[in-house]
Structure formats: structure tokens, C-alpha cells
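Chemist: coords_32.txt is reproduced in full below (compact mmCIF, C-alpha atoms).
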```
# COMPACT_ATOMS: atom_id res chain seq x y z
CA MET A 531 0.00 0.00 0.00
CA PRO A 532 2.71 2.67 0.84
CA PRO A 533 4.35 2.34 -2.60
CA ARG A 534 0.96 2.91 -4.24
CA SER A 535 0.35 6.10 -2.21
CA GLY A 536 3.74 7.46 -3.27
CA LEU A 537 2.97 6.82 -6.90
CA ARG A 538 -0.33 8.67 -6.59
CA THR A 539 1.38 11.64 -5.00
CA CYS A 540 3.93 11.81 -7.84
CA CYS A 541 1.16 11.75 -10.48
CA ILE A 542 -0.75 14.57 -8.79
CA LEU A 543 2.41 16.67 -8.55
CA ALA A 544 3.24 16.15 -12.26
CA LEU A 545 -0.30 17.07 -13.32
CA THR A 546 -0.19 20.27 -11.26
CA ILE A 547 3.09 21.32 -12.85
CA ALA A 548 1.71 20.64 -16.37
CA LEU A 549 -1.43 22.67 -15.76
CA ALA A 550 0.61 25.57 -14.42
CA ALA A 551 2.82 25.51 -17.51
CA CYS A 552 -0.19 25.48 -19.85
CA GLY A 553 -1.70 28.42 -18.00
CA LYS A 554 1.41 30.49 -18.44
CA GLY A 555 1.75 29.60 -22.12
CA GLY A 556 -1.85 30.51 -22.89
CA LYS A 557 -1.53 33.79 -21.13
CA THR A 558 1.59 34.76 -23.02
CA GLN A 559 0.30 33.64 -26.42
CA GLY A 560 -3.15 35.27 -26.17
CA GLY A 561 -3.95 38.94 -25.70
CA PRO A 562 -6.92 41.17 -25.08
CA ALA A 563 -8.80 41.94 -28.27
CA GLY A 564 -9.32 45.58 -29.01
CA PRO A 565 -12.54 47.13 -30.32
CA GLY A 566 -11.59 46.27 -33.86
CA GLY A 567 -10.48 42.74 -33.19
CA GLN A 568 -6.84 43.74 -33.94
CA GLY A 569 -5.59 44.33 -30.41
CA ASP A 570 -3.92 47.73 -30.10
CA ARG A 571 -2.78 47.86 -33.72
CA PRO A 572 -4.39 50.64 -35.85
CA ILE A 573 -6.60 49.45 -38.68
CA PRO A 574 -5.55 50.75 -42.12
CA VAL A 575 -8.41 52.56 -43.85
CA THR A 576 -9.09 55.03 -46.65
CA ALA A 577 -10.58 58.35 -45.58
CA GLU A 578 -11.99 61.28 -47.49
CA GLN A 579 -12.93 64.79 -46.49
CA VAL A 580 -16.52 65.94 -46.89
CA ARG A 581 -16.84 68.97 -49.16
CA LEU A 582 -19.33 70.81 -51.31
CA ARG A 583 -19.43 69.90 -54.98
CA PRO A 584 -21.69 70.70 -57.95
CA TRP A 585 -24.69 68.39 -58.07
CA ASN A 586 -27.75 67.88 -60.24
CA ASP A 587 -31.01 66.48 -58.95
CA THR A 588 -32.70 64.14 -61.39
CA VAL A 589 -36.22 63.14 -62.33
CA GLN A 590 -36.19 59.60 -63.68
CA ALA A 591 -38.84 57.70 -65.60
CA LEU A 592 -39.54 55.14 -68.30
CA GLY A 593 -40.49 56.62 -71.66
CA ASN A 594 -41.73 55.43 -75.05
CA VAL A 595 -40.15 56.48 -78.34
CA LYS A 596 -42.43 58.08 -80.92
CA ALA A 597 -41.59 59.18 -84.44
CA ARG A 598 -41.86 62.87 -85.25
CA GLU A 599 -44.32 61.92 -88.02
CA SER A 600 -45.90 58.48 -88.22
CA ILE A 601 -48.72 57.01 -90.29
CA THR A 602 -50.03 53.74 -91.66
CA VAL A 603 -50.21 54.12 -95.43
CA THR A 604 -53.63 53.24 -96.88
CA ALA A 605 -55.54 53.76 -100.15
CA LYS A 606 -58.52 56.08 -100.61
CA VAL A 607 -60.40 53.78 -103.00
CA SER A 608 -61.17 50.11 -103.47
CA GLU A 609 -59.06 48.73 -106.30
CA ILE A 610 -56.64 46.01 -107.38
CA VAL A 611 -52.90 46.66 -106.81
CA GLN A 612 -51.18 46.93 -110.18
CA ASP A 613 -47.58 47.74 -109.18
CA VAL A 614 -45.62 48.02 -105.92
CA HIS A 615 -42.71 50.50 -106.05
CA PHE A 616 -40.99 49.89 -102.70
CA ASP A 617 -39.47 47.21 -100.50
CA SER A 618 -39.77 46.78 -96.77
CA GLY A 619 -37.46 49.11 -94.86
CA ASP A 620 -36.86 51.54 -97.72
CA HIS A 621 -36.13 55.20 -97.04
CA VAL A 622 -38.37 57.27 -99.32
CA ALA A 623 -38.64 60.96 -100.13
CA ALA A 624 -41.77 63.01 -99.78
CA GLY A 625 -44.10 62.42 -102.75
CA ALA A 626 -42.49 59.14 -103.78
CA SER A 627 -44.90 56.70 -105.44
CA LEU A 628 -45.49 53.62 -103.30
CA ILE A 629 -48.12 51.62 -105.18
CA THR A 630 -50.15 51.98 -108.36
CA LEU A 631 -53.74 50.77 -108.46
CA SER A 632 -55.49 49.57 -111.57
CA GLY A 633 -57.39 52.44 -113.24
CA ARG A 634 -58.45 51.32 -116.71
CA ALA A 635 -62.06 52.37 -116.28
CA GLN A 636 -61.00 55.78 -115.00
CA LEU A 637 -58.62 56.29 -117.94
CA ALA A 638 -61.44 55.50 -120.35
CA ALA A 639 -63.77 57.87 -118.53
CA LEU A 640 -61.09 60.56 -118.64
CA ALA A 641 -60.73 60.18 -122.41
CA GLN A 642 -64.49 60.53 -122.80
CA ALA A 643 -64.60 63.59 -120.57
CA GLU A 644 -61.78 65.27 -122.48
CA ALA A 645 -63.57 64.65 -125.79
CA THR A 646 -66.76 66.11 -124.41
CA ALA A 647 -64.91 69.12 -123.08
CA LYS A 648 -63.21 69.68 -126.43
CA GLU A 649 -66.53 69.53 -128.28
CA ALA A 650 -68.14 71.94 -125.81
CA ASP A 651 -65.27 74.37 -126.24
CA GLN A 652 -65.54 74.33 -130.02
CA LEU A 653 -69.31 74.86 -129.88
CA LEU A 654 -68.80 77.81 -127.55
CA LYS A 655 -66.40 79.42 -130.02
CA ARG A 656 -68.89 79.09 -132.89
CA GLN A 657 -71.74 80.49 -130.80
CA THR A 658 -69.52 83.37 -129.72
CA GLU A 659 -69.04 84.33 -133.39
CA LEU A 660 -72.78 84.03 -134.04
CA ALA A 661 -73.60 86.13 -131.01
CA ALA A 662 -71.24 88.81 -132.25
CA GLN A 663 -73.33 88.95 -135.45
CA GLN A 664 -76.49 88.96 -133.32
CA LEU A 665 -77.64 85.72 -134.93
CA ILE A 666 -78.32 83.93 -131.63
CA ALA A 667 -79.59 85.07 -128.30
CA ARG A 668 -77.12 86.04 -125.58
CA SER A 669 -78.76 83.52 -123.24
CA SER A 670 -77.83 80.65 -125.54
CA LEU A 671 -74.19 81.77 -125.41
CA ASP A 672 -74.28 81.84 -121.61
CA THR A 673 -75.79 78.35 -121.52
CA GLN A 674 -73.05 76.98 -123.76
CA ARG A 675 -70.36 78.63 -121.67
CA ALA A 676 -71.74 76.90 -118.55
CA THR A 677 -71.78 73.59 -120.41
CA ARG A 678 -68.15 74.07 -121.42
CA ASP A 679 -67.15 74.82 -117.80
CA ALA A 680 -68.98 71.73 -116.56
CA THR A 681 -67.15 69.49 -119.01
CA ARG A 682 -63.83 70.94 -117.95
CA ALA A 683 -64.67 70.28 -114.29
CA ARG A 684 -65.52 66.71 -115.22
CA VAL A 685 -62.07 66.31 -116.75
CA GLU A 686 -60.43 67.58 -113.56
CA GLN A 687 -62.56 65.24 -111.48
CA MET A 688 -61.47 62.25 -113.56
CA LYS A 689 -57.82 63.28 -113.26
CA ALA A 690 -58.16 63.46 -109.49
CA ASP A 691 -59.83 60.05 -109.49
CA ILE A 692 -56.91 58.63 -111.45
CA GLY A 693 -54.48 60.37 -109.07
CA ASP A 694 -56.05 58.46 -106.19
CA ARG A 695 -54.78 55.31 -107.91
CA GLN A 696 -51.24 56.47 -107.14
CA VAL A 697 -50.48 56.09 -103.41
CA ARG A 698 -47.59 58.41 -102.50
CA ALA A 699 -45.55 59.09 -99.38
CA PRO A 700 -46.85 62.29 -97.71
CA PHE A 701 -43.46 62.93 -96.06
CA ALA A 702 -39.93 61.54 -96.11
CA GLY A 703 -39.26 58.60 -93.84
CA VAL A 704 -38.59 54.91 -93.49
CA LEU A 705 -41.16 52.30 -94.51
CA GLY A 706 -42.08 49.30 -92.45
CA ILE A 707 -42.93 45.80 -93.62
CA ARG A 708 -44.85 45.68 -96.91
CA GLN A 709 -48.38 44.36 -96.41
CA VAL A 710 -49.62 44.11 -100.02
CA SER A 711 -48.56 42.48 -103.29
CA PRO A 712 -49.49 43.04 -106.94
CA GLY A 713 -52.99 41.69 -107.52
CA SER A 714 -54.15 42.34 -103.94
CA LEU A 715 -57.49 44.04 -103.46
CA VAL A 716 -57.17 47.06 -101.21
CA THR A 717 -59.99 49.08 -99.73
CA PRO A 718 -59.97 52.33 -97.74
CA GLY A 719 -58.28 51.47 -94.44
CA THR A 720 -56.31 48.49 -95.72
CA PRO A 721 -52.74 48.86 -94.32
CA ILE A 722 -50.10 49.00 -97.04
CA ALA A 723 -47.06 49.78 -94.85
CA THR A 724 -46.06 52.02 -91.97
CA LEU A 725 -44.13 55.23 -92.63
CA ASP A 726 -42.11 56.94 -89.88
CA ASP A 727 -39.97 60.05 -89.93
CA THR A 728 -37.23 59.11 -87.43
CA ASP A 729 -34.54 61.69 -88.20
CA ARG A 730 -35.74 63.18 -84.91
CA VAL A 731 -37.87 61.32 -82.40
CA TYR A 732 -39.96 62.13 -79.36
CA ILE A 733 -39.75 60.29 -76.03
CA ASP A 734 -42.85 60.70 -73.89
CA PHE A 735 -42.49 59.92 -70.19
CA PRO A 736 -44.65 60.51 -67.09
CA VAL A 737 -43.56 62.74 -64.22
CA PRO A 738 -45.42 62.90 -60.86
CA GLU A 739 -47.39 66.08 -60.38
CA THR A 740 -45.41 66.79 -57.19
CA LEU A 741 -42.37 67.46 -59.40
CA LEU A 742 -44.21 69.63 -61.92
CA ALA A 743 -42.65 72.86 -60.64
CA ARG A 744 -39.17 71.43 -61.29
CA ILE A 745 -39.78 70.83 -65.01
CA ALA A 746 -39.37 73.45 -67.72
CA LYS A 747 -39.16 73.53 -71.48
CA GLY A 748 -35.58 73.37 -72.75
CA GLN A 749 -34.18 71.33 -69.84
CA SER A 750 -31.59 68.69 -70.72
CA VAL A 751 -32.81 65.11 -70.79
CA SER A 752 -30.89 61.92 -71.49
CA GLY A 753 -31.94 58.34 -72.14
CA THR A 754 -30.54 54.83 -72.27
CA SER A 755 -31.92 51.68 -73.84
CA ALA A 756 -31.30 48.03 -73.06
CA ALA A 757 -30.84 47.50 -76.80
CA TYR A 758 -27.65 49.62 -76.79
CA PRO A 759 -25.72 49.09 -73.51
CA GLY A 760 -23.41 51.99 -72.73
CA LYS A 761 -25.03 54.27 -75.32
CA ARG A 762 -26.55 57.51 -74.04
CA PHE A 763 -28.95 59.65 -76.09
CA GLU A 764 -29.14 63.38 -75.40
CA GLY A 765 -32.14 65.65 -75.98
CA GLU A 766 -34.20 68.40 -74.38
CA VAL A 767 -37.72 68.91 -73.11
CA SER A 768 -39.89 70.23 -75.92
CA THR A 769 -43.43 69.98 -74.51
CA ILE A 770 -45.17 69.55 -71.17
CA ASP A 771 -48.71 68.25 -71.47
CA ALA A 772 -51.47 70.70 -70.56
CA ARG A 773 -53.33 68.08 -68.49
CA ILE A 774 -52.48 65.82 -65.56
CA ASP A 775 -53.81 62.28 -65.67
CA PRO A 776 -56.37 62.06 -62.82
CA ALA A 777 -55.79 58.31 -62.48
CA THR A 778 -51.99 58.36 -62.11
CA ARG A 779 -51.52 61.98 -60.99
CA ALA A 780 -48.71 62.31 -63.51
CA VAL A 781 -48.09 64.71 -66.36
CA THR A 782 -46.68 63.58 -69.69
CA VAL A 783 -43.42 65.28 -70.67
CA ARG A 784 -42.08 65.06 -74.23
CA GLY A 785 -38.36 65.06 -74.94
CA ASP A 786 -37.02 65.88 -78.42
CA PHE A 787 -34.04 63.74 -79.47
CA PRO A 788 -31.91 63.89 -82.63
CA ASN A 789 -31.74 60.46 -84.23
CA ALA A 790 -29.55 60.75 -87.32
CA ASP A 791 -28.30 57.17 -86.94
CA HIS A 792 -31.89 55.88 -86.58
CA LEU A 793 -31.02 53.79 -83.53
CA LEU A 794 -34.14 54.88 -81.66
CA ARG A 795 -37.26 53.31 -83.13
CA PRO A 796 -40.94 54.01 -82.43
CA GLY A 797 -42.26 51.93 -79.56
CA MET A 798 -38.85 51.42 -77.92
CA LEU A 799 -38.69 51.62 -74.11
CA VAL A 800 -36.10 54.11 -72.85
CA GLN A 801 -34.91 54.93 -69.35
CA VAL A 802 -35.04 58.72 -69.16
CA THR A 803 -33.23 61.06 -66.79
CA LEU A 804 -34.25 64.72 -66.58
CA LEU A 805 -31.55 66.93 -65.08
CA GLN A 806 -32.41 69.77 -62.71
CA PRO A 807 -30.45 73.04 -62.39
CA GLU A 808 -27.02 72.62 -60.82
CA ARG A 809 -26.57 73.26 -57.09
CA GLN A 810 -23.96 72.69 -54.36
CA ALA A 811 -24.31 69.58 -52.17
CA LEU A 812 -22.35 67.61 -49.57
CA LEU A 813 -21.09 64.52 -51.41
CA ILE A 814 -19.23 61.45 -50.19
CA PRO A 815 -18.43 58.12 -51.89
CA GLU A 816 -21.44 55.85 -51.74
CA ILE A 817 -19.41 52.91 -50.37
CA SER A 818 -18.69 54.88 -47.19
CA VAL A 819 -22.37 54.76 -46.19
CA VAL A 820 -23.26 51.75 -44.01
CA GLN A 821 -26.89 50.68 -44.35
CA VAL A 822 -28.47 48.66 -41.52
CA GLY A 823 -32.19 48.26 -42.07
CA THR A 824 -33.58 51.77 -42.45
CA ASP A 825 -30.62 53.37 -40.66
CA SER A 826 -27.69 54.91 -42.53
CA TYR A 827 -24.44 55.93 -40.88
CA VAL A 828 -20.78 56.58 -41.59
CA PHE A 829 -17.61 56.25 -39.53
CA ARG A 830 -16.27 59.74 -38.84
CA LEU A 831 -12.66 60.28 -37.88
CA LYS A 832 -11.87 62.00 -34.57
CA PRO A 833 -8.70 64.03 -33.86
CA ASP A 834 -7.16 61.11 -31.93
CA ASN A 835 -7.43 58.83 -35.01
CA THR A 836 -10.34 56.86 -33.62
CA VAL A 837 -13.74 56.61 -35.28
CA GLU A 838 -17.24 57.41 -34.14
CA ARG A 839 -20.60 56.59 -35.67
CA ALA A 840 -22.39 59.49 -37.37
CA ASP A 841 -26.00 58.85 -38.37
CA VAL A 842 -26.76 60.51 -41.70
CA GLU A 843 -29.72 61.17 -43.94
CA VAL A 844 -28.93 60.30 -47.55
CA GLY A 845 -30.52 62.17 -50.43
CA THR A 846 -29.93 61.09 -54.01
CA ARG A 847 -27.30 58.60 -55.12
CA ARG A 848 -25.66 58.65 -58.52
CA GLU A 849 -22.44 57.55 -60.21
CA GLY A 850 -20.93 56.16 -56.99
CA LEU A 851 -21.68 59.30 -54.96
CA ALA A 852 -24.21 59.89 -52.20
CA GLU A 853 -25.64 63.24 -51.16
CA ILE A 854 -25.68 63.82 -47.40
CA VAL A 855 -28.69 65.87 -46.32
CA GLU A 856 -28.09 65.71 -42.55
CA GLY A 857 -25.46 64.33 -40.20
CA LEU A 858 -22.21 65.73 -41.63
CA LYS A 859 -20.64 69.12 -42.27
CA VAL A 860 -17.95 70.47 -44.54
CA GLY A 861 -14.50 69.41 -43.35
CA ASP A 862 -15.51 66.16 -41.65
CA LYS A 863 -13.45 63.11 -42.57
CA VAL A 864 -15.23 59.82 -43.16
CA VAL A 865 -13.90 56.32 -43.71
CA VAL A 866 -14.36 55.15 -47.30
CA ASP A 867 -12.69 51.72 -47.49
CA GLY A 868 -12.42 49.37 -44.54
CA THR A 869 -15.71 50.09 -42.78
CA GLY A 870 -16.37 46.36 -42.36
CA LYS A 871 -13.48 46.06 -39.88
CA LEU A 872 -14.44 49.00 -37.70
CA ARG A 873 -16.30 49.40 -34.44
CA VAL A 874 -17.04 52.58 -32.54
CA GLY A 875 -13.78 53.66 -30.92
CA SER A 876 -11.51 51.66 -33.25
CA LYS A 877 -8.10 53.20 -33.83
CA VAL A 878 -7.30 53.66 -37.51
CA ASP A 879 -4.27 54.43 -39.62
CA VAL A 880 -5.21 56.78 -42.44
CA SER A 881 -1.59 57.16 -43.51
CA ALA A 882 -1.82 53.71 -45.07
CA ALA A 883 -4.74 54.79 -47.23
CA PRO A 884 -4.10 54.75 -51.01
CA ALA A 885 -4.54 58.49 -51.49
CA PRO A 886 -3.74 58.58 -55.24
CA ALA A 887 -6.40 55.96 -55.95
CA ALA A 888 -8.95 57.89 -53.95
CA GLN A 889 -8.12 61.07 -55.84
CA THR A 890 -8.41 59.21 -59.15
CA ARG A 891 -11.83 57.90 -58.21
CA GLU A 892 -12.92 61.37 -57.17
CA ALA A 893 -11.72 62.85 -60.45
CA GLN A 894 -13.56 60.17 -62.39
CA THR A 895 -16.72 60.85 -60.39
CA ASP A 896 -16.49 64.57 -61.08
CA ALA A 897 -16.11 63.82 -64.79
CA LYS A 898 -19.13 61.54 -64.77
CA ALA A 899 -21.48 64.01 -63.15
CA PRO A 900 -21.65 67.08 -65.42
CA ALA A 901 -24.82 69.06 -65.85
CA THR A 902 -25.62 67.17 -69.05
CA SER A 903 -25.58 63.51 -68.08
CA ALA A 904 -27.06 61.17 -65.51
CA PRO A 905 -28.09 57.53 -65.33
CA ALA A 906 -31.69 56.50 -65.92
CA SER A 907 -34.04 54.49 -63.75
CA SER A 908 -37.77 54.04 -63.23
CA VAL A 909 -40.54 56.59 -62.77
CA GLY A 910 -40.93 58.14 -59.35
CA ALA A 911 -37.44 57.09 -58.29
CA ALA A 912 -35.99 60.55 -57.87
CA ALA A 913 -38.00 62.22 -55.14
CA GLY A 914 -37.27 59.98 -52.13
CA LYS A 915 -34.70 60.74 -49.44
CA ASP A 916 -33.75 57.15 -48.72
CA GLY A 917 -31.17 57.06 -51.53
CA ARG A 918 -32.83 54.31 -53.49
CA ASN A 919 -33.90 56.66 -56.24
CA GLY A 920 -30.51 57.01 -57.97
```
Represent the structure of the file as C-alpha cells.
Modeler:
Amino acid sequence: MPPRSGLRTCCILALTIALAACGKGGKTQGGPAGPGGQGDRPIPVTAEQVRLRPWNDTVQALGNVKARESITVTAKVSEIVQDVHFDSGDHVAAGASLITLSGRAQLAALAQAEATAKEADQLLKRQTELAAQQLIARSSLDTQRATRDATRARVEQMKADIGDRQVRAPFAGVLGIRQVSPGSLVTPGTPIATLDDTDRVYIDFPVPETLLARIAKGQSVSGTSAAYPGKRFEGEVSTIDARIDPATRAVTVRGDFPNADHLLRPGMLVQVTLLQPERQALLIPEISVVQVGTDSYVFRLKPDNTVERADVEVGTRREGLAEIVEGLKVGDKVVVDGTGKLRVGSKVDVSAAPAPAAQTREAQTDAKAPATSAPASSVGAAAGKDGRNG
């Protein structure tokens, strides 16, 4: 028994020494974690100073393209198509002949009318000579003159009737798909083809009545289409509708766009951005704004190189910039990159921030936000203060 007790005592002593050694090693290897999870080491971040910069508010909507002039070509009379003088997609000049309808009966009637008119004219000349010799009554001469005039009118009527057999383009434009062929029977209202003048186009888009006071004729408007990624079309407001739709409480605004390359086509959906007059606003990079639910805040630098939370109210967002309505003032410094590592009170190292890159991004942002361009979105997306309208 005594040897067993001694062995137990030795085991207990060895275990105590091992536990003590582990305790010391853990204490020396670990360390208290700082607010940023980095101990006492400063966290490298990118910071930027808040300042006033030129800014344009925008009104954004979805608009439909309309040709400056647009019709569906039809015939005035019922007749068989004799000749077709165009192909689908042709560009035609004003007055160009599109189709010729059969007009044999009208040509025969015209020949008869011209013969009648010629005979009436000759008879009037003979009666004029007789009247000069007082061989016939003056009333007979007047009757013959009226007959001659009636026959001439009949000739003009027949010529007009034959002219209706020539369907012509009323204005210059591009034709759509041909709907008729030689031998087809057309009647008034039968579509022959569409004709659109698209050298300039209109884009009609709705604007909420609450923004009516911010719209004026001549304002710059731009548009983008999913059909041409990266392509921006520039125009100006030409007309504001005289009425507001009582169902939607929106007014229709018409933008006039040059379209020399004919990329915009009638019926196309375009995202439209209407630029407001330029003003000064507090702008910061959009990535510096932390969004948690409905709350927005930034990390603001303090003089001791620690950060504090500053709740902000964000206005419009555009081209990587966010407008700060409340919560910051000119001269404040906010963290741009590295916000995910920060906590309130974290110590930061702004000297490690890539200043040239930040300046390059700022210069690019300034270049992207002139008074003549802005990105497009959906209707009603420009008036909110939550920043989701950019």
C-alpha cells in the first residue's frame, strides 16, 4: 500500500506542474482583443474629407419612343394593286410613289370627258361668233359657256380620281414591312405599310405632379436603352402636357431627341433622366455609407485617429456618390474603405490609405457628373430621401 500512495502523490504533482505551464503559455500567447479585433494595432483605412461639390437632382422615368411623323399608309379607293414600287425598310422621299392601283375604267372615262370638253369648247367658239353677229340670243351663249365649264370640271374630277390610284408618301421617312402584293385588293383602311420620320424622335415619359414645378421647357434630358448598352442619347424637353392624368396623378413630358443614326425606333422603351439646375451639395463616396435596415451611418474620424458613428440622412445617389442631407458638415473626414473592420472607438491608420487611388476615383466621379448627363431608372425614383432613387 505505501508504494501505491507514493505513486499517486507523484502523479498529482506532475499534473499540477503541467497545468501551471499550460496556464502560463496561454496567457503569453493570447492577448486582449481591441474594439476592432486587432488588439492595439491601428486598422488601415481610406478616408476622405466631406466637401461641397456641384450636383444635379434628377427626375427619372420610363419613356416610349415616338416618331416625329408616323402614319399607316392606306388607299382612298377600293381597287386592285397593279404595281408596288418599294421594298420593306426603304427610305423614301416626300411624294415618292409607293403603289399603283389599276385604273383602266378611270382612264377611259377621262378620255371621254376630255372629248366632251373639247366639243363643248368648239361649240362655244362658234356660238360666240354668231352672237357677235347677233344671230343667236345672248342667253344661248351663256348656256353653252356653262356647259363648257362643266365638261372641264368633269375632266379635272377624272384626273383626281386617277391620281387616287397612285399612293404616295406624304413625307420623307422609313417604310415598315410591306403588307400588299401586286394583284391584292385594297380598300380604304387596308394597311399597305407604316411610314415613320425618325430623323428626330420624341420620347414621352410621365412625371409625378409633385415634381411639376421642377420641369421646364428646354431642360436637358438623357436616355438609355437596353438594346444599346453603354449608349446615351441626349435631348431636351420640348413639350409639357397641358393636363395631368387624374388616375396616375402624372403629367406627360415630351423630350425631343436627334436620331440621325436611326437607332431609336418608335415603340422602344427608354430609361429617361431629366436633369435639374445645378446646385452645391455635400457629397461622399457611396461605399462609405453603411446601411443597416432603415438606418444609414458613416464612420467619422476624430482628432485622436479613432472613429465614431455618425447617423446621416442620404438624399440622391448617382455615379458612386451619395448626397448627405443631414449628419455631416464640410470638413468632416469619413472612412471610405475598410468600414467592415471598424467598431465605434476603433483606432485607424489613415496614412496607409491609397490616397492617389482615392483622388483618381474622385476625379472620375467629377467627370461623370456634369450638368448634361445622368443615369436613368424608373418613374418616381428621384423624389425619395432614402437614396434608393438614384
Chemist: Just want the 12 Å neighbourhood of Ser768 in chain A, counted on only C-alpha atoms, with same-chain residues fewer than 3 positions away dropped. Output as a PDB file with C-alpha atoms, in the frame of the given file.
Modeler:
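Listing of part38.pdb after writing:
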```pdb
ATOM      1  CA  VAL A 731     -37.870  61.320 -82.400  1.00  0.00           C
ATOM      2  CA  TYR A 732     -39.960  62.130 -79.360  1.00  0.00           C
ATOM      3  CA  ILE A 733     -39.750  60.290 -76.030  1.00  0.00           C
ATOM      4  CA  ASP A 734     -42.850  60.700 -73.890  1.00  0.00           C
ATOM      5  CA  ILE A 745     -39.780  70.830 -65.010  1.00  0.00           C
ATOM      6  CA  ALA A 746     -39.370  73.450 -67.720  1.00  0.00           C
ATOM      7  CA  LYS A 747     -39.160  73.530 -71.480  1.00  0.00           C
ATOM      8  CA  GLY A 748     -35.580  73.370 -72.750  1.00  0.00           C
ATOM      9  CA  GLN A 749     -34.180  71.330 -69.840  1.00  0.00           C
ATOM     10  CA  SER A 750     -31.590  68.690 -70.720  1.00  0.00           C
ATOM     11  CA  VAL A 751     -32.810  65.110 -70.790  1.00  0.00           C
ATOM     12  CA  GLY A 765     -32.140  65.650 -75.980  1.00  0.00           C
ATOM     13  CA  ASP A 771     -48.710  68.250 -71.470  1.00  0.00           C
ATOM     14  CA  THR A 782     -46.680  63.580 -69.690  1.00  0.00           C
ATOM     15  CA  VAL A 783     -43.420  65.280 -70.670  1.00  0.00           C
ATOM     16  CA  ARG A 784     -42.080  65.060 -74.230  1.00  0.00           C
ATOM     17  CA  GLY A 785     -38.360  65.060 -74.940  1.00  0.00           C
ATOM     18  CA  ASP A 786     -37.020  65.880 -78.420  1.00  0.00           C
ATOM     19  CA  PHE A 787     -34.040  63.740 -79.470  1.00  0.00           C
TER      20      PHE A 787
END
```
Chemist: For CA of Val697 in chain A and CA of Asp729 in chain A, determine how far apart the two atoms are, in Å to one decimal place.
Modeler: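 Distance reported for this atom pair: 22.7 Å.
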Chemist: Measuring between all atoms listed in the file, which one of A:Pro736, A:Val822, A:His792, A:Leu831 shows the shortest distance to Gln590 in chain A?
Modeler: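 Distance minimum relative to Gln590 in chain A lands on A:Pro736.
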Chemist: For CA of Leu741 in chain A and CA of Ala811 in chain A, determine how far apart the two atoms are, in Å to one decimal place.
Modeler: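 Taking CA of Leu741 in chain A as the start and CA of Ala811 in chain A as the end point, the length is 19.6 Å.
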Chemist: Between A:Lys761, A:Arg695, A:Arg873, A:Lys689, which is the closest to Ala643 in chain A once you count only C-alpha atoms?
Modeler: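 Ranking A:Lys761, A:Arg695, A:Arg873, A:Lys689 by distance to Ala643 in chain A, first place goes to A:Lys689.
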Chemist: Find the residues near range 824-828 of chain A: any atom within 9 Å, counting only C-alpha atoms, skip ones fewer than 6 places away on the same chain, and give them as a CSV table (one decimal) with C-alpha atoms, in the frame of the given file.
Modeler:
```csv
chain,number,residue,atom,x,y,z
A,818,SER,CA,-18.7,54.9,-47.2
A,838,GLU,CA,-17.2,57.4,-34.1
A,839,ARG,CA,-20.6,56.6,-35.7
A,840,ALA,CA,-22.4,59.5,-37.4
A,841,ASP,CA,-26.0,58.8,-38.4
A,842,VAL,CA,-26.8,60.5,-41.7
A,843,GLU,CA,-29.7,61.2,-43.9
A,844,VAL,CA,-28.9,60.3,-47.6
A,857,GLY,CA,-25.5,64.3,-40.2
A,864,VAL,CA,-15.2,59.8,-43.2
A,865,VAL,CA,-13.9,56.3,-43.7
A,866,VAL,CA,-14.4,55.2,-47.3
A,869,THR,CA,-15.7,50.1,-42.8
A,916,ASP,CA,-33.8,57.2,-48.7
```
Chemist: What gap, in Å, lies between CA of Ser618 in chain A and CA of Ala723 in chain A?
Modeler: 8.1 Å
Chemist: Where atoms are absent from range 635-648 of chain A, fill them in so it carries N, CA and C atoms, then output it as a PDB file, in the coordinates of the input.
Modeler:
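As written to disk, result.pdb reads:
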```pdb
ATOM      1  N   ALA A 635     -60.741  51.756-116.099  1.00  0.00           N
ATOM      2  CA  ALA A 635     -62.060  52.370-116.280  1.00  0.00           C
ATOM      3  C   ALA A 635     -61.964  53.883-116.144  1.00  0.00           C
ATOM      4  N   GLN A 636     -61.144  54.334-115.206  1.00  0.00           N
ATOM      5  CA  GLN A 636     -61.000  55.780-115.000  1.00  0.00           C
ATOM      6  C   GLN A 636     -60.272  56.437-116.177  1.00  0.00           C
ATOM      7  N   LEU A 637     -59.299  55.734-116.768  1.00  0.00           N
ATOM      8  CA  LEU A 637     -58.620  56.290-117.940  1.00  0.00           C
ATOM      9  C   LEU A 637     -59.573  56.421-119.113  1.00  0.00           C
ATOM     10  N   ALA A 638     -60.455  55.417-119.278  1.00  0.00           N
ATOM     11  CA  ALA A 638     -61.440  55.500-120.350  1.00  0.00           C
ATOM     12  C   ALA A 638     -62.417  56.639-120.113  1.00  0.00           C
ATOM     13  N   ALA A 639     -62.848  56.773-118.850  1.00  0.00           N
ATOM     14  CA  ALA A 639     -63.770  57.870-118.530  1.00  0.00           C
ATOM     15  C   ALA A 639     -63.107  59.209-118.729  1.00  0.00           C
ATOM     16  N   LEU A 640     -61.809  59.310-118.445  1.00  0.00           N
ATOM     17  CA  LEU A 640     -61.090  60.560-118.640  1.00  0.00           C
ATOM     18  C   LEU A 640     -61.030  60.908-120.134  1.00  0.00           C
ATOM     19  N   ALA A 641     -60.780  59.924-120.971  1.00  0.00           N
ATOM     20  CA  ALA A 641     -60.730  60.180-122.410  1.00  0.00           C
ATOM     21  C   ALA A 641     -62.086  60.679-122.914  1.00  0.00           C
ATOM     22  N   GLN A 642     -63.153  60.078-122.398  1.00  0.00           N
ATOM     23  CA  GLN A 642     -64.490  60.530-122.800  1.00  0.00           C
ATOM     24  C   GLN A 642     -64.751  61.945-122.319  1.00  0.00           C
ATOM     25  N   ALA A 643     -64.380  62.260-121.111  1.00  0.00           N
ATOM     26  CA  ALA A 643     -64.600  63.590-120.570  1.00  0.00           C
ATOM     27  C   ALA A 643     -63.796  64.633-121.340  1.00  0.00           C
ATOM     28  N   GLU A 644     -62.587  64.318-121.715  1.00  0.00           N
ATOM     29  CA  GLU A 644     -61.780  65.270-122.480  1.00  0.00           C
ATOM     30  C   GLU A 644     -62.375  65.516-123.860  1.00  0.00           C
ATOM     31  N   ALA A 645     -62.916  64.472-124.487  1.00  0.00           N
ATOM     32  CA  ALA A 645     -63.570  64.650-125.790  1.00  0.00           C
ATOM     33  C   ALA A 645     -64.794  65.535-125.670  1.00  0.00           C
ATOM     34  N   THR A 646     -65.575  65.295-124.632  1.00  0.00           N
ATOM     35  CA  THR A 646     -66.760  66.110-124.410  1.00  0.00           C
ATOM     36  C   THR A 646     -66.389  67.559-124.162  1.00  0.00           C
ATOM     37  N   ALA A 647     -65.349  67.756-123.383  1.00  0.00           N
ATOM     38  CA  ALA A 647     -64.910  69.120-123.080  1.00  0.00           C
ATOM     39  C   ALA A 647     -64.404  69.815-124.343  1.00  0.00           C
ATOM     40  N   LYS A 648     -63.716  69.088-125.197  1.00  0.00           N
ATOM     41  CA  LYS A 648     -63.210  69.680-126.430  1.00  0.00           C
ATOM     42  C   LYS A 648     -64.361  70.085-127.356  1.00  0.00           C
TER      43      LYS A 648
END
```
